[in-house]
$ cat input.cif   # mmCIF, C-alpha atoms
data_run
#
loop_
_atom_site.label_atom_id
_atom_site.label_comp_id
_atom_site.auth_asym_id
_atom_site.auth_seq_id
_atom_site.Cartn_x
_atom_site.Cartn_y
_atom_site.Cartn_z
CA MET A 324 0.00 0.00 0.00
CA SER A 325 1.32 3.44 -0.87
CA GLU A 326 1.97 6.21 1.61
CA ARG A 327 -1.09 8.22 2.62
CA TYR A 328 -0.94 11.86 3.66
CA SER A 329 -3.32 14.27 5.32
CA ILE A 330 -3.66 17.71 3.75
CA GLY A 331 -1.57 19.16 6.56
CA LYS A 332 1.29 16.73 5.94
CA VAL A 333 1.22 17.38 2.21
CA ALA A 334 1.22 21.13 2.83
CA LYS A 335 4.20 20.83 5.15
CA ALA A 336 6.10 18.53 2.80
CA ALA A 337 5.51 20.87 -0.15
CA ASN A 338 6.09 24.02 1.91
CA CYS A 339 2.75 25.58 1.08
CA LYS A 340 -0.52 26.43 2.76
CA VAL A 341 -3.52 24.14 3.03
CA GLN A 342 -5.60 26.82 1.26
CA THR A 343 -3.19 26.72 -1.67
CA ILE A 344 -3.68 22.98 -2.04
CA ARG A 345 -7.45 23.39 -1.97
CA TYR A 346 -7.20 26.17 -4.56
CA TYR A 347 -5.05 24.03 -6.87
CA GLU A 348 -7.66 21.27 -6.59
CA GLN A 349 -10.47 23.75 -7.27
CA ILE A 350 -8.86 25.04 -10.47
CA GLY A 351 -8.03 21.51 -11.60
CA ILE A 352 -4.23 21.44 -11.65
CA LEU A 353 -4.05 19.11 -8.65
CA PRO A 354 -6.36 16.09 -8.80
CA GLU A 355 -8.84 15.77 -5.98
CA PRO A 356 -7.74 13.07 -3.57
CA ALA A 357 -9.72 10.15 -2.24
CA ARG A 358 -11.61 10.73 0.96
CA THR A 359 -12.00 8.76 4.13
CA GLU A 360 -15.37 7.69 5.47
CA GLY A 361 -15.17 10.82 7.63
CA ASN A 362 -14.72 12.91 4.41
CA GLN A 363 -11.06 13.79 5.10
CA ARG A 364 -8.80 14.19 2.09
CA ILE A 365 -6.18 11.46 1.75
CA TYR A 366 -3.25 12.25 -0.52
CA ASN A 367 -0.67 9.90 -1.99
CA GLN A 368 2.87 10.27 -3.33
CA GLN A 369 1.60 11.25 -6.80
CA HIS A 370 -0.27 14.19 -5.26
CA LEU A 371 2.84 15.27 -3.39
CA ASP A 372 5.00 14.93 -6.51
CA ARG A 373 2.57 16.97 -8.59
CA LEU A 374 2.23 19.62 -5.89
CA SER A 375 6.03 19.86 -5.67
CA PHE A 376 6.15 20.27 -9.46
CA ILE A 377 3.56 23.06 -9.30
CA ARG A 378 5.33 24.81 -6.42
CA HIS A 379 8.71 24.68 -8.19
CA SER A 380 7.13 25.99 -11.38
CA ARG A 381 5.56 28.86 -9.44
CA GLU A 382 8.93 29.66 -7.82
CA LEU A 383 10.34 29.98 -11.34
CA GLY A 384 7.55 32.42 -12.16
CA PHE A 385 5.41 30.28 -14.46
CA SER A 386 1.78 31.37 -14.47
CA LEU A 387 -0.94 28.96 -13.40
CA GLU A 388 -2.12 28.80 -17.02
CA GLN A 389 1.38 27.89 -18.22
CA ILE A 390 1.60 25.24 -15.50
CA ARG A 391 -1.80 23.89 -16.56
CA GLU A 392 -0.56 23.60 -20.16
CA ILE A 393 2.62 21.83 -19.07
CA LEU A 394 0.73 19.44 -16.79
CA THR A 395 -1.63 18.58 -19.64
CA LEU A 396 1.46 17.56 -21.60
CA VAL A 397 2.94 15.70 -18.61
CA ASP A 398 -0.26 13.67 -18.47
CA GLU A 399 0.44 12.59 -22.10
CA PRO A 400 4.00 11.22 -21.79
CA THR A 401 4.31 10.27 -25.47
CA HIS A 402 3.56 13.85 -26.57
CA SER A 403 6.42 15.84 -28.11
CA CYS A 404 8.49 17.97 -25.76
CA SER A 405 8.39 20.85 -28.27
CA GLU A 406 5.28 22.38 -26.66
CA VAL A 407 6.93 22.38 -23.24
CA ASP A 408 9.99 23.96 -24.83
CA ARG A 409 7.81 26.65 -26.42
CA ILE A 410 6.15 27.45 -23.09
CA ALA A 411 9.52 27.67 -21.31
CA ARG A 412 11.01 29.86 -24.05
CA THR A 413 8.01 32.21 -23.94
CA HIS A 414 8.36 32.44 -20.18
CA LEU A 415 12.09 33.16 -20.50
CA GLU A 416 11.31 36.02 -22.90
CA GLU A 417 8.84 37.42 -20.35
CA VAL A 418 11.46 37.16 -17.59
CA GLU A 419 14.09 38.89 -19.73
CA SER A 420 11.62 41.67 -20.51
CA LYS A 421 10.91 42.15 -16.81
CA ILE A 422 14.64 42.27 -16.09
CA ARG A 423 15.09 45.03 -18.69
CA ARG A 424 12.23 47.01 -17.09
CA LEU A 425 13.66 46.46 -13.60
CA GLU A 426 17.10 47.60 -14.76
CA GLY A 427 15.48 50.73 -16.19
CA MET A 428 13.69 51.32 -12.89
CA ARG A 429 16.93 50.84 -10.96
CA GLY A 430 18.75 53.34 -13.16
CA GLU A 431 15.99 55.90 -12.87
CA LEU A 432 15.77 55.51 -9.08
CA GLN A 433 19.56 55.81 -8.76
CA ARG A 434 19.51 58.98 -10.87
CA MET A 435 16.63 60.49 -8.88
CA ILE A 436 18.31 59.73 -5.56
CA SER A 437 21.67 61.10 -6.74
CA ARG A 438 19.98 64.41 -7.66
CA CYS A 439 18.50 64.81 -4.20
CA ALA A 440 20.36 67.38 -2.10
CA GLY A 441 18.61 66.44 1.13
CA GLY A 442 17.00 69.87 1.50
CA LYS A 443 13.35 70.70 1.95
CA VAL A 444 10.52 68.75 0.36
CA THR A 445 9.61 71.76 -1.81
CA GLU A 446 13.03 71.46 -3.46
CA CYS A 447 13.17 67.64 -3.56
CA ARG A 448 14.32 66.33 -6.93
CA ILE A 449 12.85 62.88 -6.18
CA ILE A 450 9.36 64.34 -5.74
CA GLU A 451 9.88 66.53 -8.80
CA SER A 452 10.82 63.50 -10.90
CA LEU A 453 7.90 61.44 -9.57
CA ALA A 454 5.47 64.26 -10.34
CA ASP A 455 6.73 64.85 -13.88
CA HIS A 456 7.27 61.69 -15.94
CA SER A 457 8.91 63.75 -18.70
CA LEU A 458 11.93 64.22 -16.41
CA CYS A 459 12.65 60.48 -16.56
CA ILE A 460 15.53 59.46 -18.76
CA SER A 461 14.04 56.07 -19.53
CA GLY A 462 10.58 54.90 -20.46
CA GLU A 463 11.56 51.31 -19.63
CA HIS A 464 10.07 51.36 -16.14
CA GLY A 465 6.49 52.22 -16.94
#
$ encode --input "input.cif" --output "structure tokens"
Amino acid sequence: MSERYSIGKVAKAANCKVQTIRYYEQIGILPEPARTEGNQRIYNQQHLDRLSFIRHSRELGFSLEQIREILTLVDEPTHSCSEVDRIARTHLEEVESKIRRLEGMRGELQRMISRCAGGKVTECRIIESLADHSLCISGEHG
């Protein structure tokens, strides 16, 4: 007989909240587990493995929809890996775009802070820059 887990044990093992597990079941990316006669959820190793997969994917920034697509492919093991590759490449492009925007934000914030003389608020270059977007040197942070 395979290992059986309560929802609390699965949550602890996967380092997530019980509510997250219930939500993943509700949206259909984690299969609903069997239940005891007392209506308690009973999870098995496959549930824990899938939950760990979802959690790791989320840590890497994949959206729930991307994870759903990948899991659909995982459930068809003979399917070509090219779709998974496409999803990962699209996600990488999104991450690289965010990095460019964050670098633009960092540069703009550094510039604003360097212009601040530490005087009165009425003369604050940070507030001036925040109030007037045209003073920004980069549009990459908007």
$ residues_near_point --input "input.cif" --point "(-0.4, 28.5, -16.4)" --cutoff "12 Å" --atoms "only C-alpha atoms" --output "VMD selection string"
chain A and resid 347 350 to 352 377 380 to 381 383 to 395 407 410 to 411 413 to 414
$ closest_residue --input "input.cif" --among "A:Arg345, A:Arg429, A:His456, A:Arg378" --to "Gly331 in chain A" --atoms "all atoms listed in the file"
A:Arg345
$ atom_distance --input "input.cif" --atom1 "CA of Leu458 in chain A" --atom2 "CA of Arg438 in chain A"
11.9 Å
$ atom_distance --input "input.cif" --atom1 "CA of Ile365 in chain A" --atom2 "CA of Leu353 in chain A"
13.1 Å
$ resolve_selection --input "input.cif" --expression "the PyMOL selection byres ((chain A and resi 367) around 8)" --output "MDAnalysis selection string"
chainID A and resid 325:328 356 365:366 368:371
$ closest_residue --input "input.cif" --among "A:Glu348, A:Gly427, A:Asn338, A:Lys332" --to "Glu382 in chain A" --atoms "only C-alpha atoms"
A:Asn338
$ resolve_selection --input "input.cif" --expression "the PyMOL selection byres ((chain A and resi 434) around 12)" --output "PDB file with C-alpha atoms, keeping the file's coordinate frame"
ATOM      1  CA  GLY A 427      15.480  50.730 -16.190  1.00  0.00           C
ATOM      2  CA  MET A 428      13.690  51.320 -12.890  1.00  0.00           C
ATOM      3  CA  ARG A 429      16.930  50.840 -10.960  1.00  0.00           C
ATOM      4  CA  GLY A 430      18.750  53.340 -13.160  1.00  0.00           C
ATOM      5  CA  GLU A 431      15.990  55.900 -12.870  1.00  0.00           C
ATOM      6  CA  LEU A 432      15.770  55.510  -9.080  1.00  0.00           C
ATOM      7  CA  GLN A 433      19.560  55.810  -8.760  1.00  0.00           C
ATOM      8  CA  MET A 435      16.630  60.490  -8.880  1.00  0.00           C
ATOM      9  CA  ILE A 436      18.310  59.730  -5.560  1.00  0.00           C
ATOM     10  CA  SER A 437      21.670  61.100  -6.740  1.00  0.00           C
ATOM     11  CA  ARG A 438      19.980  64.410  -7.660  1.00  0.00           C
ATOM     12  CA  CYS A 439      18.500  64.810  -4.200  1.00  0.00           C
ATOM     13  CA  ARG A 448      14.320  66.330  -6.930  1.00  0.00           C
ATOM     14  CA  ILE A 449      12.850  62.880  -6.180  1.00  0.00           C
ATOM     15  CA  SER A 452      10.820  63.500 -10.900  1.00  0.00           C
ATOM     16  CA  LEU A 453       7.900  61.440  -9.570  1.00  0.00           C
ATOM     17  CA  LEU A 458      11.930  64.220 -16.410  1.00  0.00           C
ATOM     18  CA  CYS A 459      12.650  60.480 -16.560  1.00  0.00           C
ATOM     19  CA  ILE A 460      15.530  59.460 -18.760  1.00  0.00           C
ATOM     20  CA  SER A 461      14.040  56.070 -19.530  1.00  0.00           C
TER      21      SER A 461
END
$ atom_distance --input "input.cif" --atom1 "CA of His402 in chain A" --atom2 "CA of Glu416 in chain A"
23.8 Å
$ closest_residue --input "input.cif" --among "A:Ser420, A:Ser375, A:Asp408, A:Thr445" --to "Cys339 in chain A" --atoms "only C-alpha atoms"
A:Ser375
$ build_atoms --input "input.cif" --residues "range 423-455 of chain A" --atoms "N, CA and C atoms" --output "CSV table (one decimal), in the frame of the given file"
chain,number,residue,atom,x,y,z
A,423,ARG,N,14.8,43.8,-18.0
A,423,ARG,CA,15.1,45.0,-18.7
A,423,ARG,C,14.3,46.2,-18.0
A,424,ARG,N,13.0,46.0,-17.7
A,424,ARG,CA,12.2,47.0,-17.1
A,424,ARG,C,12.8,47.3,-15.7
A,425,LEU,N,13.1,46.3,-15.0
A,425,LEU,CA,13.7,46.5,-13.6
A,425,LEU,C,15.0,47.2,-13.6
A,426,GLU,N,15.8,46.9,-14.6
A,426,GLU,CA,17.1,47.6,-14.8
A,426,GLU,C,16.8,49.1,-15.1
A,427,GLY,N,15.8,49.3,-15.9
A,427,GLY,CA,15.5,50.7,-16.2
A,427,GLY,C,15.0,51.4,-14.9
A,428,MET,N,14.2,50.7,-14.1
A,428,MET,CA,13.7,51.3,-12.9
A,428,MET,C,14.9,51.6,-11.9
A,429,ARG,N,15.8,50.7,-11.8
A,429,ARG,CA,16.9,50.8,-11.0
A,429,ARG,C,17.7,52.1,-11.4
A,430,GLY,N,18.0,52.2,-12.7
A,430,GLY,CA,18.8,53.3,-13.2
A,430,GLY,C,18.0,54.7,-12.9
A,431,GLU,N,16.8,54.7,-13.1
A,431,GLU,CA,16.0,55.9,-12.9
A,431,GLU,C,16.0,56.3,-11.4
A,432,LEU,N,15.8,55.3,-10.5
A,432,LEU,CA,15.8,55.5,-9.1
A,432,LEU,C,17.2,56.0,-8.6
A,433,GLN,N,18.2,55.4,-9.1
A,433,GLN,CA,19.6,55.8,-8.8
A,433,GLN,C,19.8,57.3,-9.2
A,434,ARG,N,19.3,57.6,-10.4
A,434,ARG,CA,19.5,59.0,-10.9
A,434,ARG,C,18.7,60.0,-10.0
A,435,MET,N,17.5,59.6,-9.7
A,435,MET,CA,16.6,60.5,-8.9
A,435,MET,C,17.3,60.7,-7.5
A,436,ILE,N,17.7,59.6,-6.9
A,436,ILE,CA,18.3,59.7,-5.6
A,436,ILE,C,19.6,60.5,-5.6
A,437,SER,N,20.4,60.4,-6.6
A,437,SER,CA,21.7,61.1,-6.7
A,437,SER,C,21.4,62.6,-6.9
A,438,ARG,N,20.3,63.0,-7.5
A,438,ARG,CA,20.0,64.4,-7.7
A,438,ARG,C,19.4,65.1,-6.4
A,439,CYS,N,19.1,64.3,-5.4
A,439,CYS,CA,18.5,64.8,-4.2
A,439,CYS,C,19.6,65.4,-3.3
A,440,ALA,N,19.4,66.7,-2.9
A,440,ALA,CA,20.4,67.4,-2.1
A,440,ALA,C,20.0,67.3,-0.6
A,441,GLY,N,19.0,66.6,-0.3
A,441,GLY,CA,18.6,66.4,1.1
A,441,GLY,C,18.1,67.7,1.8
A,442,GLY,N,17.6,68.6,1.0
A,442,GLY,CA,17.0,69.9,1.5
A,442,GLY,C,15.5,69.7,1.9
A,443,LYS,N,14.8,70.7,1.6
A,443,LYS,CA,13.4,70.7,2.0
A,443,LYS,C,12.5,70.0,0.9
A,444,VAL,N,11.4,69.5,1.3
A,444,VAL,CA,10.5,68.8,0.4
A,444,VAL,C,10.2,69.6,-0.9
A,445,THR,N,10.0,70.9,-0.7
A,445,THR,CA,9.6,71.8,-1.8
A,445,THR,C,10.7,71.8,-2.9
A,446,GLU,N,11.9,71.4,-2.5
A,446,GLU,CA,13.0,71.5,-3.5
A,446,GLU,C,13.5,70.1,-3.8
A,447,CYS,N,12.7,69.0,-3.4
A,447,CYS,CA,13.2,67.6,-3.6
A,447,CYS,C,13.1,67.2,-5.0
A,448,ARG,N,14.2,66.8,-5.5
A,448,ARG,CA,14.3,66.3,-6.9
A,448,ARG,C,13.6,65.0,-7.1
A,449,ILE,N,13.5,64.2,-6.1
A,449,ILE,CA,12.8,62.9,-6.2
A,449,ILE,C,11.4,63.1,-6.4
A,450,ILE,N,10.8,64.0,-5.6
A,450,ILE,CA,9.4,64.3,-5.7
A,450,ILE,C,9.1,65.0,-7.1
A,451,GLU,N,10.0,65.9,-7.5
A,451,GLU,CA,9.9,66.5,-8.8
A,451,GLU,C,9.9,65.5,-9.9
A,452,SER,N,10.8,64.5,-9.9
A,452,SER,CA,10.8,63.5,-10.9
A,452,SER,C,9.6,62.6,-10.9
A,453,LEU,N,9.1,62.3,-9.7
A,453,LEU,CA,7.9,61.4,-9.6
A,453,LEU,C,6.7,62.2,-10.1
A,454,ALA,N,6.6,63.5,-9.9
A,454,ALA,CA,5.5,64.3,-10.3
A,454,ALA,C,5.5,64.5,-11.8
A,455,ASP,N,6.6,64.5,-12.5
A,455,ASP,CA,6.7,64.8,-13.9
A,455,ASP,C,7.5,63.7,-14.6
